[in-house]
>>> print(open('data14.csv').read())   # CSV, C-alpha atoms and all ligand atoms
chain,number,residue,atom,x,y,z
D,6,MET,CA,2.1,7.6,10.2
D,7,ASN,CA,4.8,6.2,12.5
D,8,ILE,CA,5.5,2.5,11.8
D,9,GLU,CA,8.5,0.9,13.4
D,10,LEU,CA,11.2,-0.1,11.0
D,11,PRO,CA,13.0,-2.2,10.0
D,12,LYS,CA,10.3,-4.8,9.4
D,13,TYR,CA,11.3,-8.2,8.0
D,14,GLU,CA,9.1,-10.9,6.3
D,15,GLU,CA,10.3,-14.4,5.5
D,16,VAL,CA,10.1,-15.5,1.9
D,17,LEU,CA,10.8,-18.9,0.4
D,18,ASP,CA,12.8,-21.4,2.5
D,19,HIS,CA,15.7,-19.2,3.6
D,20,GLY,CA,15.0,-15.7,2.1
D,21,PHE,CA,13.5,-12.5,3.4
D,22,VAL,CA,12.5,-9.0,2.6
D,23,GLY,CA,13.2,-6.3,5.1
D,24,LEU,CA,11.8,-2.8,4.8
D,25,LEU,CA,14.6,-0.6,6.3
D,26,GLU,CA,13.7,3.0,5.5
D,27,VAL,CA,11.0,5.0,3.8
D,28,MET,CA,11.7,8.6,3.0
D,29,GLY,CA,8.4,10.5,2.3
D,30,SER,CA,4.7,9.6,2.3
D,31,ASP,CA,1.5,10.4,0.4
D,32,ASP,CA,2.0,14.0,1.5
D,33,SER,CA,5.4,14.2,-0.2
D,34,ILE,CA,3.7,13.2,-3.5
D,35,ASP,CA,1.0,15.7,-3.0
D,36,GLN,CA,3.4,18.4,-2.0
D,37,ALA,CA,5.7,17.8,-5.0
D,38,ALA,CA,2.7,18.0,-7.3
D,39,ARG,CA,1.6,21.2,-5.9
D,40,VAL,CA,5.2,22.5,-5.5
D,41,SER,CA,5.2,23.3,-1.8
D,42,TYR,CA,1.5,23.4,-1.0
D,43,GLY,CA,1.1,23.9,2.8
D,44,LYS,CA,0.9,20.6,4.7
D,45,GLY,CA,-2.4,19.8,6.4
D,46,THR,CA,-4.5,22.5,4.7
D,47,ARG,CA,-6.5,20.2,2.4
D,48,LYS,CA,-8.9,17.4,3.0
D,49,VAL,CA,-8.0,13.7,2.6
D,50,SER,CA,-10.4,13.5,-0.3
D,51,GLU,CA,-8.4,16.2,-2.1
D,52,LEU,CA,-5.2,14.3,-1.5
D,53,LYS,CA,-6.8,11.2,-2.9
D,54,GLY,CA,-8.2,13.0,-5.9
D,55,LEU,CA,-4.8,14.5,-6.8
D,56,ILE,CA,-2.9,11.3,-6.4
D,57,ASN,CA,-5.5,9.4,-8.4
D,58,TYR,CA,-5.2,12.1,-11.1
D,59,LEU,CA,-1.4,11.8,-11.2
D,60,MET,CA,-1.5,8.1,-11.5
D,61,ARG,CA,-4.2,8.1,-14.1
D,62,HIS,CA,-2.4,10.5,-16.3
D,63,HIS,CA,1.1,9.1,-15.8
D,64,HIS,CA,2.4,12.2,-14.1
D,65,THR,CA,5.1,10.1,-12.5
D,66,THR,CA,7.7,12.4,-11.1
D,67,PRO,CA,5.8,13.3,-7.8
D,68,PHE,CA,5.9,9.6,-7.0
D,69,GLU,CA,9.7,9.7,-7.3
D,70,MET,CA,9.8,11.9,-4.2
D,71,VAL,CA,9.3,8.8,-2.0
D,72,GLU,CA,12.4,6.7,-1.6
D,73,ILE,CA,12.4,3.2,-0.1
D,74,LYS,CA,15.2,1.0,1.0
D,75,PHE,CA,14.9,-2.8,1.4
D,76,HIS,CA,17.2,-5.6,2.6
D,77,CYS,CA,16.5,-8.7,0.6
D,78,LYS,CA,17.8,-12.3,0.6
D,79,MET,CA,17.0,-14.4,-2.4
D,80,PRO,CA,18.3,-17.3,-4.6
D,81,ILE,CA,20.8,-16.2,-7.2
D,82,PHE,CA,18.4,-17.1,-10.1
D,83,VAL,CA,15.8,-14.8,-8.6
D,84,ALA,CA,18.4,-12.0,-8.2
D,85,ARG,CA,19.3,-12.4,-11.9
D,86,GLN,CA,15.7,-11.5,-12.8
D,87,TRP,CA,15.5,-8.8,-10.2
D,88,VAL,CA,18.7,-7.0,-11.2
D,89,ARG,CA,17.2,-6.3,-14.7
D,90,HIS,CA,15.3,-3.5,-13.0
D,91,ARG,CA,17.9,-0.8,-13.7
D,92,THR,CA,16.4,2.1,-11.8
D,93,ALA,CA,17.3,0.8,-8.3
D,94,ASN,CA,20.5,1.3,-6.4
D,95,ILE,CA,22.0,-2.0,-5.3
D,96,ASN,CA,24.7,-3.1,-2.9
D,97,GLU,CA,25.1,-6.9,-3.0
D,98,TYR,CA,26.8,-9.3,-0.5
D,99,SER,CA,30.3,-9.8,-1.9
D,100,ALA,CA,31.3,-13.4,-2.4
D,101,ARG,CA,34.8,-12.1,-3.3
D,102,TYR,CA,35.2,-10.7,0.1
D,103,SER,CA,33.1,-13.1,2.2
D,104,VAL,CA,32.3,-16.8,2.3
D,105,LEU,CA,28.8,-17.7,1.2
D,106,ASN,CA,26.7,-19.8,3.6
D,107,ASN,CA,25.5,-23.3,2.8
D,108,GLU,CA,21.9,-22.0,2.1
D,109,TYR,CA,20.1,-23.0,-1.0
D,110,TYR,CA,16.5,-23.1,-2.3
D,111,ILE,CA,14.4,-26.2,-2.7
D,112,PRO,CA,10.9,-25.5,-4.0
D,113,ASP,CA,8.2,-26.9,-1.7
D,114,GLN,CA,5.9,-29.6,-3.1
D,115,ASP,CA,3.2,-27.2,-4.3
D,116,HIS,CA,5.7,-25.4,-6.5
D,117,LEU,CA,7.8,-28.1,-7.9
D,118,CYS,CA,5.9,-28.7,-11.2
D,119,MET,CA,6.5,-29.9,-14.7
D,120,GLN,CA,7.3,-27.6,-17.7
D,121,SER,CA,4.1,-26.1,-19.0
D,122,THR,CA,3.0,-27.3,-22.5
D,123,THR,CA,1.3,-24.0,-23.3
D,124,ASN,CA,3.8,-21.5,-21.9
D,125,ASN,CA,7.4,-22.0,-22.9
D,126,GLN,CA,8.5,-19.7,-20.1
D,127,GLY,CA,6.8,-21.4,-17.2
D,128,ARG,CA,5.6,-24.5,-15.3
D,129,ASN,CA,2.2,-26.1,-15.1
D,130,ASP,CA,0.3,-25.9,-11.9
D,131,ILE,CA,0.1,-29.7,-11.1
D,132,PRO,CA,2.5,-30.6,-8.3
D,133,PHE,CA,4.3,-34.0,-8.2
D,134,ASP,CA,3.1,-36.7,-5.9
D,135,ASP,CA,4.9,-37.5,-2.7
D,136,ILE,CA,7.2,-40.1,-4.1
D,137,ALA,CA,8.4,-38.1,-7.1
D,138,TYR,CA,8.7,-34.9,-5.0
D,139,ALA,CA,10.9,-36.8,-2.4
D,140,GLU,CA,13.1,-38.0,-5.3
D,141,TYR,CA,13.5,-34.6,-6.9
D,142,LYS,CA,14.1,-32.9,-3.5
D,143,ALA,CA,16.8,-35.5,-2.6
D,144,ASN,CA,18.6,-34.9,-5.9
D,145,ILE,CA,18.5,-31.1,-5.6
D,146,LYS,CA,19.7,-31.4,-2.0
D,147,SER,CA,22.5,-33.8,-2.9
D,148,ILE,CA,23.9,-31.7,-5.8
D,149,SER,CA,23.7,-28.5,-3.7
D,150,ASP,CA,25.4,-30.1,-0.7
D,151,ASN,CA,28.1,-31.6,-2.9
D,152,ALA,CA,28.7,-28.2,-4.6
D,153,TYR,CA,29.1,-26.6,-1.2
D,154,LYS,CA,31.6,-29.3,-0.2
D,155,ILE,CA,33.6,-28.6,-3.3
D,156,TYR,CA,33.4,-24.8,-2.6
D,157,GLU,CA,34.7,-25.4,0.9
D,158,TYR,CA,37.4,-27.7,-0.5
D,159,LEU,CA,38.5,-25.1,-3.0
D,160,LEU,CA,38.5,-22.3,-0.4
D,161,ASN,CA,40.5,-24.5,2.0
D,162,ASP,CA,41.5,-22.2,4.7
D,163,PRO,CA,44.4,-23.8,6.7
D,164,GLU,CA,43.4,-21.6,9.7
D,165,ASP,CA,39.9,-23.2,9.7
D,166,PRO,CA,39.7,-26.0,12.3
D,167,LYS,CA,37.6,-28.0,9.9
D,168,SER,CA,40.4,-27.9,7.3
D,169,ASN,CA,42.3,-31.2,6.9
D,170,SER,CA,45.0,-29.9,4.6
D,171,GLU,CA,47.9,-27.5,4.8
D,172,ARG,CA,47.6,-26.3,1.2
D,173,ASP,CA,46.4,-22.8,0.4
D,174,GLY,CA,42.9,-22.4,-0.9
D,175,ILE,CA,41.9,-20.6,-4.1
D,176,ALA,CA,40.5,-17.1,-4.0
D,177,ARG,CA,36.8,-16.7,-2.8
D,178,GLU,CA,36.0,-14.9,-6.1
D,179,LEU,CA,36.9,-18.1,-8.0
D,180,ALA,CA,35.7,-20.7,-5.6
D,181,ARG,CA,32.1,-19.4,-5.8
D,182,MET,CA,31.8,-20.4,-9.4
D,183,VAL,CA,31.0,-24.0,-8.5
D,184,LEU,CA,27.8,-23.0,-6.6
D,185,PRO,CA,24.5,-23.5,-8.4
D,186,LEU,CA,21.9,-20.7,-9.0
D,187,ASN,CA,19.7,-21.9,-6.1
D,188,PHE,CA,22.2,-20.6,-3.5
D,189,TYR,CA,21.2,-17.5,-1.6
D,190,THR,CA,22.6,-14.0,-2.0
D,191,GLN,CA,21.5,-10.8,-0.4
D,192,TRP,CA,21.5,-7.1,-1.1
D,193,TYR,CA,20.4,-3.6,-0.1
D,194,TRP,CA,18.0,-2.3,-2.7
D,195,LYS,CA,16.9,1.3,-2.8
D,196,ILE,CA,14.3,2.7,-5.3
D,197,ASP,CA,11.8,5.5,-5.6
D,198,LEU,CA,8.1,4.8,-5.5
D,199,HIS,CA,7.4,5.4,-9.2
D,200,ASN,CA,10.0,2.8,-10.2
D,201,LEU,CA,9.0,0.4,-7.4
D,202,PHE,CA,5.4,0.5,-8.8
D,203,HIS,CA,6.8,-0.4,-12.2
D,204,PHE,CA,8.7,-3.3,-10.7
D,205,LEU,CA,5.7,-4.5,-8.7
D,206,LYS,CA,3.4,-4.3,-11.7
D,207,LEU,CA,5.7,-6.6,-13.7
D,208,ARG,CA,6.7,-8.9,-10.8
D,209,MET,CA,3.4,-9.3,-9.0
D,210,ASP,CA,1.8,-10.3,-12.3
D,211,SER,CA,0.8,-13.9,-12.8
D,212,HIS,CA,3.2,-14.1,-15.7
D,213,ALA,CA,6.2,-13.5,-13.4
D,214,GLN,CA,8.0,-16.5,-12.0
D,215,TYR,CA,6.5,-17.6,-8.7
D,216,GLU,CA,9.9,-17.3,-6.9
D,217,ILE,CA,10.2,-13.5,-7.6
D,218,ARG,CA,6.4,-12.9,-7.3
D,219,VAL,CA,6.5,-13.9,-3.7
D,220,TYR,CA,9.1,-11.2,-3.0
D,221,ALA,CA,7.2,-8.6,-4.9
D,222,ASP,CA,4.0,-9.5,-3.0
D,223,LYS,CA,5.7,-9.1,0.4
D,224,MET,CA,7.4,-5.8,-0.6
D,225,TYR,CA,4.0,-4.4,-1.6
D,226,GLU,CA,2.5,-5.5,1.8
D,227,LEU,CA,5.4,-3.8,3.6
D,228,ILE,CA,5.1,-0.4,1.8
D,229,LYS,CA,1.3,-0.2,1.7
D,230,PRO,CA,0.9,1.3,5.2
D,231,HIS,CA,3.5,4.0,4.4
D,232,VAL,CA,1.9,5.3,1.2
D,233,PRO,CA,-1.7,4.0,1.4
D,234,VAL,CA,-3.3,6.5,-1.0
D,235,ALA,CA,-0.6,6.0,-3.6
D,236,CYS,CA,-1.0,2.2,-3.3
D,237,GLU,CA,-4.8,2.5,-3.7
D,238,ALA,CA,-4.2,4.5,-6.9
D,239,PHE,CA,-1.6,2.0,-8.1
D,240,GLU,CA,-4.1,-0.8,-7.6
D,241,LYS,CA,-6.9,1.0,-9.3
D,242,TYR,CA,-5.1,2.4,-12.4
D,243,GLN,CA,-2.1,0.0,-12.9
D,244,LEU,CA,-2.4,-3.3,-11.1
D,245,ASN,CA,-6.1,-3.9,-11.9
D,246,GLY,CA,-6.0,-1.8,-15.1
D,247,MET,CA,-4.8,-3.0,-18.4
D,248,ASN,CA,-3.3,-1.8,-21.7
D,249,ILE,CA,-5.3,-2.7,-24.8
D,250,SER,CA,-4.2,-2.4,-28.4
D,251,GLY,CA,-5.7,-0.2,-31.1
D,252,ASP,CA,-7.4,-3.2,-32.7
D,253,GLU,CA,-8.9,-4.2,-29.3
D,254,VAL,CA,-10.2,-0.7,-28.8
D,255,GLY,CA,-11.8,-1.0,-32.2
D,256,ILE,CA,-13.7,-4.2,-31.1
D,257,LEU,CA,-14.8,-2.5,-27.9
D,258,LYS,CA,-16.1,0.6,-29.8
D,259,GLU,CA,-18.1,-1.6,-32.1
D,260,ILE,CA,-19.6,-3.6,-29.2
D,261,ILE,CA,-20.5,-0.3,-27.4
D,262,ASP,CA,-22.0,1.3,-30.5
D,263,GLU,CA,-24.1,-1.8,-31.2
D,264,TYR,CA,-25.3,-1.9,-27.6
D,265,LEU,CA,-26.1,1.8,-27.5
D,266,GLU,CA,-28.1,1.5,-30.8
D,267,ILE,CA,-30.2,-1.4,-29.3
D,268,SER,CA,-30.7,0.3,-25.9
D,269,GLY,CA,-31.4,3.8,-27.3
D,270,ALA,CA,-29.2,5.3,-24.6
D,271,THR,CA,-26.3,7.7,-25.0
D,272,LEU,CA,-22.8,6.7,-23.9
D,273,GLU,CA,-22.9,9.3,-21.1
D,274,GLU,CA,-26.2,7.9,-19.8
D,275,MET,CA,-24.9,4.3,-19.8
D,276,ALA,CA,-21.6,5.3,-18.2
D,277,ASP,CA,-23.4,7.3,-15.6
D,278,TYR,CA,-25.8,4.4,-14.9
D,279,LEU,CA,-22.9,1.9,-14.6
D,280,SER,CA,-20.5,4.4,-13.0
D,281,HIS,CA,-19.0,2.0,-10.3
D,282,ASN,CA,-16.7,4.3,-8.3
D,283,LEU,CA,-15.8,6.7,-11.1
D,284,SER,CA,-15.8,10.4,-10.3
D,285,LYS,CA,-17.7,12.8,-12.6
D,286,ARG,CA,-14.3,13.7,-14.2
D,287,GLU,CA,-13.3,10.1,-14.7
D,288,LEU,CA,-16.7,9.4,-16.3
D,289,ARG,CA,-16.1,12.2,-18.7
D,290,GLU,CA,-12.7,10.9,-19.5
D,291,PHE,CA,-14.0,7.4,-20.1
D,292,CYS,CA,-16.7,8.7,-22.5
D,293,ASP,CA,-14.0,10.7,-24.4
D,294,LYS,CA,-11.9,7.6,-24.9
D,295,PHE,CA,-14.8,5.8,-26.7
D,296,LYS,CA,-16.0,8.7,-28.9
D,301,LIG,C1,7.3,-12.0,-17.1
D,301,LIG,C2,8.7,-11.5,-17.6
D,301,LIG,C3,9.4,-12.2,-18.5
D,301,LIG,C4,10.7,-11.8,-18.9
D,301,LIG,N1,11.4,-12.6,-19.7
D,301,LIG,C5,12.7,-12.2,-20.1
D,301,LIG,C6,13.5,-13.0,-21.0
D,301,LIG,O1,13.1,-14.0,-21.4
D,301,LIG,N2,14.7,-12.5,-21.3
D,301,LIG,C7,15.2,-11.3,-20.8
D,301,LIG,O2,16.3,-10.9,-21.2
D,301,LIG,N3,14.5,-10.5,-20.0
D,301,LIG,C8,13.2,-10.9,-19.6
D,301,LIG,N4,12.5,-10.1,-18.8
D,301,LIG,C9,13.0,-8.9,-18.3
D,301,LIG,C10,12.4,-7.7,-19.1
D,301,LIG,O3,12.7,-7.7,-20.5
D,301,LIG,C11,12.9,-6.3,-18.5
D,301,LIG,O4,14.3,-6.3,-18.6
D,301,LIG,C12,12.6,-6.2,-17.0
D,301,LIG,O5,11.3,-6.5,-16.8
D,301,LIG,C13,12.9,-4.8,-16.5
D,301,LIG,O6,12.0,-4.0,-17.1
D,301,LIG,P1,12.3,-2.4,-17.4
D,301,LIG,O7,13.4,-2.3,-18.4
D,301,LIG,O8,11.0,-1.8,-17.9
D,301,LIG,O9,12.6,-1.9,-16.0
D,301,LIG,P2,13.7,-0.9,-15.4
D,301,LIG,O10,15.1,-1.3,-15.8
D,301,LIG,O11,13.4,-0.8,-14.0
D,301,LIG,O12,13.4,0.4,-16.1
D,301,LIG,C14,12.2,1.1,-15.9
D,301,LIG,C15,11.9,2.0,-17.1
D,301,LIG,O13,13.0,3.0,-17.2
D,301,LIG,C16,13.3,3.1,-18.5
D,301,LIG,N5,14.7,2.8,-18.7
D,301,LIG,C17,15.6,2.2,-17.8
D,301,LIG,N6,16.8,2.1,-18.3
D,301,LIG,C18,16.7,2.5,-19.5
D,301,LIG,C19,17.7,2.6,-20.6
D,301,LIG,N7,19.0,2.3,-20.4
D,301,LIG,N8,17.3,3.1,-21.8
D,301,LIG,C20,16.0,3.4,-22.0
D,301,LIG,N9,15.1,3.4,-21.0
D,301,LIG,C21,15.4,2.9,-19.8
D,301,LIG,C22,12.4,2.3,-19.4
D,301,LIG,O14,11.3,3.1,-19.7
D,301,LIG,C23,11.9,1.2,-18.4
D,301,LIG,O15,10.7,0.7,-18.7
D,301,LIG,C24,11.2,-10.5,-18.4
D,301,LIG,C25,10.4,-9.8,-17.5
D,301,LIG,C26,9.2,-10.2,-17.1
D,301,LIG,C27,8.4,-9.4,-16.1
>>> encode(input="data14.csv", output="C-alpha cells", more="lines below")
Ligand SMILES: Cc1cc2nc3c(=O)[nH]c(=O)nc-3n(C[C@H](O)[C@H](O)[C@H](O)COP(=O)(O)OP(=O)(O)OC[C@H]3O[C@@H](n4cnc5c(N)ncnc54)[C@H](O)[C@@H]3O)c2cc1C
Amino acid sequence: MNIELPKYEEVLDHGFVGLLEVMGSDDSIDQAARVSYGKGTRKVSELKGLINYLMRHHHTTPFEMVEIKFHCKMPIFVARQWVRHRTANINEYSARYSVLNNEYYIPDQDHLCMQSTTNNQGRNDIPFDDIAYAEYKANIKSISDNAYKIYEYLLNDPEDPKSNSERDGIARELARMVLPLNFYTQWYWKIDLHNLFHFLKLRMDSHAQYEIRVYADKMYELIKPHVPVACEAFEKYQLNGMNISGDEVGILKEIIDEYLEISGATLEEMADYLSHNLSKRELREFCDKFK
C-alpha cells in the first residue's frame, strides 16, 4: 500500500507524532516467517492465518523485519517514561547545542484532576471546576513563564537584540537546568514492529499515564494502515487478550468443570458452540489449555 509520508498528528497542547518512514509491511513478516516464500503466491487468508499464528505463539522475530521511524515532540516528563523502552533508537533535540523554545504543557480541564485515593500512581477522573482550574492553570503558566525568563537571563546572548546586558551568558547545557518537566523536547524514534507492539501494549493500557497514552494511541493509528494484518493480530492476541496467573487458571478450570458436569456437554462441544471467531486450530488449542 502506498501511503504518503511523513504524516503528522497533533498531541496535547504543543506536541505531535509524525510517522516518517516505514520499512516493510505485512508481506515482510510473512516472507521472513517462510524464509523467502514467493510474494503474491498465497491468498490473503493464508497471510492472516500465518501472522495470527506467529502472534499467538510469540514467534516474534518476523515482526522485527518491519522498521518504523517517528518524529515526536512531548513534554520532558513524558519523554522520561518513554525513554525506558530500551529497544528503540533515539536521537533527541540537543539543549546543549540549541536553545529550547518557550513551549510547555498545561493539562486541559478534563485532565487536571486530584490524586487518586485508590491508585497511588495516578489521578482520579473528576476534573476541577472552572474556578479551581483557572487558578491551577494560572499558577502553572506563571511558574513556567518565570522559569523561561530565568533561562533566557542565564543564557544572555549579548548578540541577541532582546538582551539588555553586555555580560556573557552561561552555557546552554547548564541554563536548561532551571526549566520544569512540562517543557517540550523532541526526538526521532526508530523501532521494529515487535518492540513497538510491546511499547503500545504497555502505553495504550488504561494504567499508563494519560499524557503518554495519547501518544501511543496516535502512533498506533498512524502505523495501522501500513501493517493492517499484523495490527489485527496484535489487537486480537495482545491488546484485547490478557495474562492470567496459575491460580486464576485453577479457578477457571473449576468453573468450566462444574459447568460441563451440569450441562452434560464436553469441552469440545461447548467450545465449538461458543466458538466466536476462533479457527478449528484455535479451538483445539483452547481446549488443550483447559484440559
Ligand atoms: C503503567 C506503568 C507504570 C510504570 N511505573 C514505573 C515506576 O514506578 N518506576 C519505574 O522505574 N518504572 C516504571 N515503569 C517502567 C517499566 O518498569 C519499564 O521500564 C518500561 O515499561 C519498559 O518496559 P520494558 O523493559 O519491558 O521495555 P523495553 O526496554 O522496550 O524492553 C523490551 C523487552 O526487551 C527485553 N530487554 C530490554 N532490555 C533488556 C535488558 N537490558 N536486559 C534484559 N532484557 C531486556 C525485556 O524482555 C523487555 O521486556 C512503568 C511502566 C508502566 C507501563
>>> residues_near_ligand(input="data14.csv", ligand="ligand LIG 301 (chain D)", cutoff="8 Å", atoms="only C-alpha atoms and all ligand atoms", output="list in words")
Gln86, Trp87, Arg89, His90, Arg91, Thr92, Ala93, Gln126, Asn200, His203, Phe204, Leu207, Arg208, Asp210, His212, Ala213 and Gln214 of chain D
>>> residues_around(input="data14.csv", residues="Ile34 in chain D", least_positions_apart="5", cutoff="12 Å", atoms="all atoms listed in the file", output="ChimeraX atom specification")
/D:28-29,39-42,44,52-53,55-60,64-72,197-199,232-236
>>> write_last_selection(input="data14.csv", atoms="C-alpha atoms", output="compact mmCIF listing (two decimals), keeping the file's coordinate frame")
# COMPACT_ATOMS: atom_id res chain seq x y z
CA MET D 28 11.70 8.60 3.00
CA GLY D 29 8.40 10.50 2.30
CA ARG D 39 1.60 21.20 -5.90
CA VAL D 40 5.20 22.50 -5.50
CA SER D 41 5.20 23.30 -1.80
CA TYR D 42 1.50 23.40 -1.00
CA LYS D 44 0.90 20.60 4.70
CA LEU D 52 -5.20 14.30 -1.50
CA LYS D 53 -6.80 11.20 -2.90
CA LEU D 55 -4.80 14.50 -6.80
CA ILE D 56 -2.90 11.30 -6.40
CA ASN D 57 -5.50 9.40 -8.40
CA TYR D 58 -5.20 12.10 -11.10
CA LEU D 59 -1.40 11.80 -11.20
CA MET D 60 -1.50 8.10 -11.50
CA HIS D 64 2.40 12.20 -14.10
CA THR D 65 5.10 10.10 -12.50
CA THR D 66 7.70 12.40 -11.10
CA PRO D 67 5.80 13.30 -7.80
CA PHE D 68 5.90 9.60 -7.00
CA GLU D 69 9.70 9.70 -7.30
CA MET D 70 9.80 11.90 -4.20
CA VAL D 71 9.30 8.80 -2.00
CA GLU D 72 12.40 6.70 -1.60
CA ASP D 197 11.80 5.50 -5.60
CA LEU D 198 8.10 4.80 -5.50
CA HIS D 199 7.40 5.40 -9.20
CA VAL D 232 1.90 5.30 1.20
CA PRO D 233 -1.70 4.00 1.40
CA VAL D 234 -3.30 6.50 -1.00
CA ALA D 235 -0.60 6.00 -3.60
CA CYS D 236 -1.00 2.20 -3.30
>>> atom_distance(input="data14.csv", atom1="CA of Leu279 in chain D", atom2="CA of Leu265 in chain D")
13.3 Å
>>> atom_distance(input="data14.csv", atom1="CA of Asn7 in chain D", atom2="CA of Val22 in chain D")
19.7 Å
>>> residues_around(input="data14.csv", residues="Gln114 in chain D", least_positions_apart="3", cutoff="7 Å", atoms="only C-alpha atoms", output="PDB file with C-alpha atoms, keeping the file's coordinate frame")
ATOM      1  CA  LEU D 117       7.800 -28.100  -7.900  1.00  0.00           C
ATOM      2  CA  PRO D 132       2.500 -30.600  -8.300  1.00  0.00           C
ATOM      3  CA  PHE D 133       4.300 -34.000  -8.200  1.00  0.00           C
ATOM      4  CA  TYR D 138       8.700 -34.900  -5.000  1.00  0.00           C
TER       5      TYR D 138
END
>>> atom_distance(input="data14.csv", atom1="CA of Gln120 in chain D", atom2="CA of Tyr215 in chain D")
13.5 Å
>>> residues_around(input="data14.csv", residues="range 246-253 of chain D", least_positions_apart="4", cutoff="12 Å", atoms="all atoms listed in the file", output="count of residues only")
15
>>> closest_residue(input="data14.csv", among="D:Glu266, D:Tyr158, D:Pro185, D:Leu205", to="Asp222 in chain D", atoms="only C-alpha atoms")
D:Leu205
>>> closest_residue(input="data14.csv", among="D:Leu179, D:Ala152, D:Ile217, D:Ala139", to="Val88 in chain D", atoms="only C-alpha atoms")
D:Ile217
>>> residues_around(input="data14.csv", residues="range 94-105 of chain D", least_positions_apart="6", cutoff="6 Å", atoms="only C-alpha atoms", output="list of chain:residue names")
D:Arg177, D:Glu178, D:Gln191, D:Trp192, D:Tyr193, D:Trp194, D:Lys195
>>> residues_around(input="data14.csv", residues="Glu9 in chain D", least_positions_apart="4", cutoff="12 Å", atoms="only C-alpha atoms", output="JSON, numbers by chain")
{"D": [13, 23, 24, 25, 26, 27, 227, 230, 231]}
